Amino acid sequence: MPLVSVVMPVYNSAATLSAAVRSVLTQTHSDLELLITDDQSSDGSMDLLREVAKEDERVLPESAPEQGGAGRARNLAMQRARGDYIAFLDSDDMWLPEKTERQLRFAAEGAAPLTFTSYFKMDADYDGESTDWVPNGRVVRARKHVDYRAMLFQDHIGALTAMYDRNVLGTRLMPEMRKRQDYALWLSIMRDGFDARGLAEPLAVYRAHQAGSLSSNKLSLVQYNWALYRQHEHLSVPRATQALVGAAWQSMRNSRI
């Protein structure tokens, strides 16, 4: 069975952290390691993680040497990874129990080194477990296939659903941007000629409009998207503008779900 390395950055997430961690540990595919980097939290998140690690050896928390943001925290975790696949989950979101099992099967059947899935959206005050989740109508649908060109004009991959094959792609780290580092990673993989495949089934749950979430302020993403298009992807001003409009439209569309 393939080993899956699950990467989770944490910063002052004590209120939602336990449910996120349990959603990983209750996966039907149990051959996994949960690599957590605490980015100098001040709310007891690291203490909570140490207690969970005593109960389950798959939980491997470490403290970042200094506060560096989500991108650096994810990279520190990926550098410790031993798995065949790397998957991502933020500390305020959840996976449904069969997510890993179904996505691994989907990746193998399609020979796809980068995959993602549809996902549900929940309210910020949801306090249940992934095993209690009742499907609702708020679903962000995964496209069947995404290539580099399509990805430039819209970020089609929800980071909480993304998984890549290290045996094919190697260990791919994120650029240490303040935001949009996940989007930059998907683009770098696709720029190298690897398309992404989407599984239509919603297999994760995203916490919408959570105060302090890694992606709560959509408007602030504009400047980071622009920097990504110009500095990392080296797009011309007209093409970067076109991509920025597409990204803004996608963000507004998803926010209505």
# chains A, B, ... in the order shown; residues from 1 in each chain; ligands from 1
call {"tool": "closest_atom_pairs", "arguments": {"of": "range 142-205 of chain A", "to": "range 224-236 of chain A", "cutoff": "10 Å", "atoms": "only C-alpha atoms", "output": "CSV"}}
result
residue,atom,partner,partner_atom,distance
A:Leu152,CA,A:Tyr229,CA,8.1
A:Phe153,CA,A:Tyr229,CA,9.9
A:Pro175,CA,A:His232,CA,9.1
A:Met177,CA,A:Tyr224,CA,8.1
A:Arg178,CA,A:Tyr224,CA,7.9
A:Lys179,CA,A:Tyr224,CA,6.3
A:Arg180,CA,A:Tyr224,CA,6.5
A:Gln181,CA,A:Leu228,CA,8.7
A:Tyr183,CA,A:Leu228,CA,8.8
A:Ala184,CA,A:Leu228,CA,6.9
A:Leu187,CA,A:Glu233,CA,8.3
A:Ser188,CA,A:Glu233,CA,8.5
A:Arg191,CA,A:Glu233,CA,9.1
call {"tool": "residues_around", "arguments": {"residues": "range 125-133 of chain A", "least_positions_apart": "4", "cutoff": "7 Å", "atoms": "only C-alpha atoms", "output": "VMD selection string"}}
result
chain A and resid 19 23 94 to 97
call {"tool": "select_by_dssp", "arguments": {"residues": "range 143-219 of chain A", "states": "alpha helix (DSSP H)", "output": "PyMOL selection string"}}
result
chain A and resi 148-153+166-169+181-191
call {"tool": "atom_distance", "arguments": {"atom1": "CA of Arg141 in chain A", "atom2": "CA of Asp123 in chain A"}}
result
17.8 Å
call {"tool": "closest_residue", "arguments": {"among": "A:Met252, A:Val222, A:Leu173, A:Ala159", "to": "Ala240 in chain A", "atoms": "only C-alpha atoms"}}
result
A:Val222
call {"tool": "closest_residue", "arguments": {"among": "A:Leu48, A:Leu34, A:Leu169, A:Ala204", "to": "Arg80 in chain A", "atoms": "only C-alpha atoms"}}
result
A:Leu34
call {"tool": "select_by_dssp", "arguments": {"residues": "range 19-174 of chain A", "states": "strand (DSSP E or B)", "output": "PyMOL selection string"}}
result
chain A and resi 32-38+59-63+85-88+94-95+114-122+139-140+145-146+163-165
call {"tool": "atom_distance", "arguments": {"atom1": "CA of Pro238 in chain A", "atom2": "CA of Ser255 in chain A"}}
result
26.0 Å
call {"tool": "residues_around", "arguments": {"residues": "Val139 in chain A", "least_positions_apart": "4", "cutoff": "7 Å", "atoms": "only C-alpha atoms", "output": "ChimeraX atom specification"}}
result
/A:118-121,257
call {"tool": "residues_around", "arguments": {"residues": "Arg82 in chain A", "least_positions_apart": "6", "cutoff": "9 Å", "atoms": "only C-alpha atoms", "output": "ChimeraX atom specification"}}
result
/A:3-5,33
call {"tool": "write_last_selection", "arguments": {"atoms": "N, CA, C and O atoms", "output": "mmCIF file, in the first residue's frame"}}
result
data_model
loop_
_atom_site.group_PDB
_atom_site.id
_atom_site.type_symbol
_atom_site.label_atom_id
_atom_site.label_comp_id
_atom_site.auth_asym_id
_atom_site.auth_seq_id
_atom_site.Cartn_x
_atom_site.Cartn_y
_atom_site.Cartn_z
ATOM 1 N N LEU A 3 2.330 4.798 0.900
ATOM 2 C CA LEU A 3 2.329 5.663 2.068
ATOM 3 C C LEU A 3 2.000 7.080 1.622
ATOM 4 O O LEU A 3 2.605 7.604 0.679
ATOM 5 N N VAL A 4 1.051 7.702 2.297
ATOM 6 C CA VAL A 4 0.653 9.074 1.978
ATOM 7 C C VAL A 4 1.144 9.996 3.084
ATOM 8 O O VAL A 4 0.864 9.778 4.267
ATOM 9 N N SER A 5 1.897 11.017 2.695
ATOM 10 C CA SER A 5 2.360 12.036 3.633
ATOM 11 C C SER A 5 1.400 13.217 3.577
ATOM 12 O O SER A 5 1.264 13.864 2.544
ATOM 13 N N GLU A 33 1.182 9.261 7.142
ATOM 14 C CA GLU A 33 1.840 10.024 8.190
ATOM 15 C C GLU A 33 1.320 11.456 8.106
ATOM 16 O O GLU A 33 1.132 11.989 7.016
#
call {"tool": "residues_around", "arguments": {"residues": "Pro2 in chain A", "least_positions_apart": "6", "cutoff": "8 Å", "atoms": "only C-alpha atoms", "output": "ChimeraX atom specification"}}
result
/A:31,83-85
call {"tool": "write_last_selection", "arguments": {"atoms": "all heavy atoms", "output": "compact mmCIF listing (two decimals), in the first residue's frame"}}
result
# COMPACT_ATOMS: atom_id res chain seq x y z
N ASP A 31 -2.51 3.87 5.87
CA ASP A 31 -1.06 3.92 5.71
C ASP A 31 -0.65 5.35 5.37
O ASP A 31 -0.48 5.72 4.20
CB ASP A 31 -0.60 2.94 4.63
CG ASP A 31 0.90 2.65 4.71
OD1 ASP A 31 1.54 3.15 5.66
OD2 ASP A 31 1.42 1.95 3.83
N GLY A 83 6.57 9.61 2.26
CA GLY A 83 5.51 8.95 1.50
C GLY A 83 5.71 8.89 0.01
O GLY A 83 6.53 9.61 -0.56
N ASP A 84 4.92 8.02 -0.61
CA ASP A 84 4.87 7.95 -2.07
C ASP A 84 4.07 9.11 -2.64
O ASP A 84 4.31 9.56 -3.76
CB ASP A 84 4.21 6.63 -2.49
CG ASP A 84 4.94 5.42 -1.95
OD1 ASP A 84 6.05 5.15 -2.44
OD2 ASP A 84 4.42 4.77 -1.02
N TYR A 85 3.10 9.57 -1.87
CA TYR A 85 2.25 10.69 -2.27
C TYR A 85 2.29 11.76 -1.20
O TYR A 85 2.44 11.46 -0.01
CB TYR A 85 0.80 10.24 -2.47
CG TYR A 85 0.57 9.37 -3.68
CD1 TYR A 85 0.77 7.99 -3.60
CD2 TYR A 85 0.14 9.91 -4.89
CE1 TYR A 85 0.55 7.17 -4.71
CE2 TYR A 85 -0.09 9.10 -5.99
CZ TYR A 85 0.12 7.74 -5.90
OH TYR A 85 -0.08 6.94 -6.99
call {"tool": "residues_around", "arguments": {"residues": "Ser41 in chain A", "least_positions_apart": "3", "cutoff": "9 Å", "atoms": "only C-alpha atoms", "output": "PyMOL selection string"}}
result
chain A and resi 10-13+38+44-46+63+67
call {"tool": "residues_around", "arguments": {"residues": "His29 in chain A", "least_positions_apart": "5", "cutoff": "9 Å", "atoms": "only C-alpha atoms", "output": "ChimeraX atom specification"}}
result
/A:1,4,97-102
call {"tool": "atom_distance", "arguments": {"atom1": "CA of Ser18 in chain A", "atom2": "CA of Arg58 in chain A"}}
result
14.6 Å
call {"tool": "closest_residue", "arguments": {"among": "A:Leu104, A:Val59, A:Val134, A:Val237", "to": "Ala162 in chain A", "atoms": "only C-alpha atoms"}}
result
A:Leu104
call {"tool": "decode", "arguments": {"residues": "range 188-200 of chain A", "atoms": "all heavy atoms", "output": "PDB file, in the first residue's frame"}}
result
ATOM      1  N   SER A 188       3.684  25.282 -11.379  1.00  0.00           N
ATOM      2  CA  SER A 188       5.039  24.821 -11.689  1.00  0.00           C
ATOM      3  C   SER A 188       5.032  23.371 -12.152  1.00  0.00           C
ATOM      4  O   SER A 188       5.800  22.987 -13.041  1.00  0.00           O
ATOM      5  CB  SER A 188       5.950  24.990 -10.466  1.00  0.00           C
ATOM      6  OG  SER A 188       5.633  24.060  -9.439  1.00  0.00           O
ATOM      7  N   ILE A 189       4.165  22.552 -11.559  1.00  0.00           N
ATOM      8  CA  ILE A 189       4.052  21.155 -11.987  1.00  0.00           C
ATOM      9  C   ILE A 189       3.505  21.075 -13.407  1.00  0.00           C
ATOM     10  O   ILE A 189       4.023  20.344 -14.257  1.00  0.00           O
ATOM     11  CB  ILE A 189       3.152  20.376 -11.005  1.00  0.00           C
ATOM     12  CG1 ILE A 189       3.853  20.225  -9.649  1.00  0.00           C
ATOM     13  CG2 ILE A 189       2.799  19.002 -11.571  1.00  0.00           C
ATOM     14  CD1 ILE A 189       2.980  19.625  -8.563  1.00  0.00           C
ATOM     15  N   MET A 190       2.474  21.858 -13.681  1.00  0.00           N
ATOM     16  CA  MET A 190       1.858  21.818 -15.013  1.00  0.00           C
ATOM     17  C   MET A 190       2.758  22.448 -16.066  1.00  0.00           C
ATOM     18  O   MET A 190       2.758  22.025 -17.224  1.00  0.00           O
ATOM     19  CB  MET A 190       0.509  22.529 -14.966  1.00  0.00           C
ATOM     20  CG  MET A 190      -0.518  21.807 -14.116  1.00  0.00           C
ATOM     21  SD  MET A 190      -2.108  22.653 -14.154  1.00  0.00           S
ATOM     22  CE  MET A 190      -2.914  21.788 -12.811  1.00  0.00           C
ATOM     23  N   ARG A 191       3.539  23.450 -15.676  1.00  0.00           N
ATOM     24  CA  ARG A 191       4.474  24.060 -16.616  1.00  0.00           C
ATOM     25  C   ARG A 191       5.495  23.039 -17.105  1.00  0.00           C
ATOM     26  O   ARG A 191       6.027  23.132 -18.217  1.00  0.00           O
ATOM     27  CB  ARG A 191       5.191  25.233 -15.947  1.00  0.00           C
ATOM     28  CG  ARG A 191       5.917  26.148 -16.928  1.00  0.00           C
ATOM     29  CD  ARG A 191       6.789  27.183 -16.255  1.00  0.00           C
ATOM     30  NE  ARG A 191       6.222  27.747 -15.044  1.00  0.00           N
ATOM     31  CZ  ARG A 191       6.770  27.605 -13.837  1.00  0.00           C
ATOM     32  NH1 ARG A 191       7.886  26.895 -13.689  1.00  0.00           N
ATOM     33  NH2 ARG A 191       6.219  28.162 -12.782  1.00  0.00           N
ATOM     34  N   ASP A 192       5.753  22.031 -16.295  1.00  0.00           N
ATOM     35  CA  ASP A 192       6.681  20.966 -16.669  1.00  0.00           C
ATOM     36  C   ASP A 192       6.021  19.867 -17.498  1.00  0.00           C
ATOM     37  O   ASP A 192       6.643  18.841 -17.773  1.00  0.00           O
ATOM     38  CB  ASP A 192       7.311  20.353 -15.419  1.00  0.00           C
ATOM     39  CG  ASP A 192       8.279  21.301 -14.734  1.00  0.00           C
ATOM     40  OD1 ASP A 192       8.707  22.283 -15.377  1.00  0.00           O
ATOM     41  OD2 ASP A 192       8.615  21.069 -13.558  1.00  0.00           O
ATOM     42  N   GLY A 193       4.757  20.072 -17.859  1.00  0.00           N
ATOM     43  CA  GLY A 193       4.101  19.146 -18.779  1.00  0.00           C
ATOM     44  C   GLY A 193       3.179  18.129 -18.151  1.00  0.00           C
ATOM     45  O   GLY A 193       2.712  17.207 -18.825  1.00  0.00           O
ATOM     46  N   PHE A 194       2.886  18.274 -16.852  1.00  0.00           N
ATOM     47  CA  PHE A 194       2.004  17.321 -16.165  1.00  0.00           C
ATOM     48  C   PHE A 194       0.641  17.962 -15.934  1.00  0.00           C
ATOM     49  O   PHE A 194       0.525  18.926 -15.180  1.00  0.00           O
ATOM     50  CB  PHE A 194       2.610  16.900 -14.826  1.00  0.00           C
ATOM     51  CG  PHE A 194       3.942  16.215 -14.948  1.00  0.00           C
ATOM     52  CD1 PHE A 194       5.118  16.933 -14.773  1.00  0.00           C
ATOM     53  CD2 PHE A 194       4.015  14.870 -15.244  1.00  0.00           C
ATOM     54  CE1 PHE A 194       6.351  16.311 -14.879  1.00  0.00           C
ATOM     55  CE2 PHE A 194       5.246  14.227 -15.351  1.00  0.00           C
ATOM     56  CZ  PHE A 194       6.412  14.950 -15.175  1.00  0.00           C
ATOM     57  N   ASP A 195      -0.385  17.434 -16.578  1.00  0.00           N
ATOM     58  CA  ASP A 195      -1.739  17.938 -16.369  1.00  0.00           C
ATOM     59  C   ASP A 195      -2.315  17.372 -15.074  1.00  0.00           C
ATOM     60  O   ASP A 195      -1.816  16.382 -14.534  1.00  0.00           O
ATOM     61  CB  ASP A 195      -2.645  17.563 -17.541  1.00  0.00           C
ATOM     62  CG  ASP A 195      -2.209  18.229 -18.837  1.00  0.00           C
ATOM     63  OD1 ASP A 195      -1.344  19.134 -18.778  1.00  0.00           O
ATOM     64  OD2 ASP A 195      -2.727  17.846 -19.904  1.00  0.00           O
ATOM     65  N   ALA A 196      -3.372  17.999 -14.589  1.00  0.00           N
ATOM     66  CA  ALA A 196      -4.051  17.549 -13.361  1.00  0.00           C
ATOM     67  C   ALA A 196      -5.372  16.903 -13.718  1.00  0.00           C
ATOM     68  O   ALA A 196      -6.050  17.325 -14.661  1.00  0.00           O
ATOM     69  CB  ALA A 196      -4.266  18.720 -12.415  1.00  0.00           C
ATOM     70  N   ARG A 197      -5.757  15.881 -12.955  1.00  0.00           N
ATOM     71  CA  ARG A 197      -7.022  15.178 -13.161  1.00  0.00           C
ATOM     72  C   ARG A 197      -7.920  15.391 -11.950  1.00  0.00           C
ATOM     73  O   ARG A 197      -7.467  15.285 -10.815  1.00  0.00           O
ATOM     74  CB  ARG A 197      -6.776  13.678 -13.358  1.00  0.00           C
ATOM     75  CG  ARG A 197      -5.840  13.356 -14.513  1.00  0.00           C
ATOM     76  CD  ARG A 197      -6.533  13.504 -15.848  1.00  0.00           C
ATOM     77  NE  ARG A 197      -5.615  13.273 -16.952  1.00  0.00           N
ATOM     78  CZ  ARG A 197      -5.981  13.306 -18.237  1.00  0.00           C
ATOM     79  NH1 ARG A 197      -7.243  13.538 -18.552  1.00  0.00           N
ATOM     80  NH2 ARG A 197      -5.094  13.100 -19.186  1.00  0.00           N
ATOM     81  N   GLY A 198      -9.181  15.691 -12.227  1.00  0.00           N
ATOM     82  CA  GLY A 198     -10.126  15.966 -11.152  1.00  0.00           C
ATOM     83  C   GLY A 198     -11.133  14.852 -10.962  1.00  0.00           C
ATOM     84  O   GLY A 198     -11.695  14.333 -11.927  1.00  0.00           O
ATOM     85  N   LEU A 199     -11.355  14.483  -9.713  1.00  0.00           N
ATOM     86  CA  LEU A 199     -12.347  13.479  -9.341  1.00  0.00           C
ATOM     87  C   LEU A 199     -13.625  14.206  -8.946  1.00  0.00           C
ATOM     88  O   LEU A 199     -13.614  15.072  -8.061  1.00  0.00           O
ATOM     89  CB  LEU A 199     -11.817  12.630  -8.183  1.00  0.00           C
ATOM     90  CG  LEU A 199     -12.721  11.549  -7.597  1.00  0.00           C
ATOM     91  CD1 LEU A 199     -13.139  10.540  -8.657  1.00  0.00           C
ATOM     92  CD2 LEU A 199     -12.006  10.843  -6.452  1.00  0.00           C
ATOM     93  N   ALA A 200     -14.735  13.863  -9.585  1.00  0.00           N
ATOM     94  CA  ALA A 200     -15.978  14.609  -9.402  1.00  0.00           C
ATOM     95  C   ALA A 200     -16.560  14.471  -8.003  1.00  0.00           C
ATOM     96  O   ALA A 200     -17.251  15.369  -7.515  1.00  0.00           O
ATOM     97  CB  ALA A 200     -17.006  14.153 -10.441  1.00  0.00           C
TER      98      ALA A 200
END
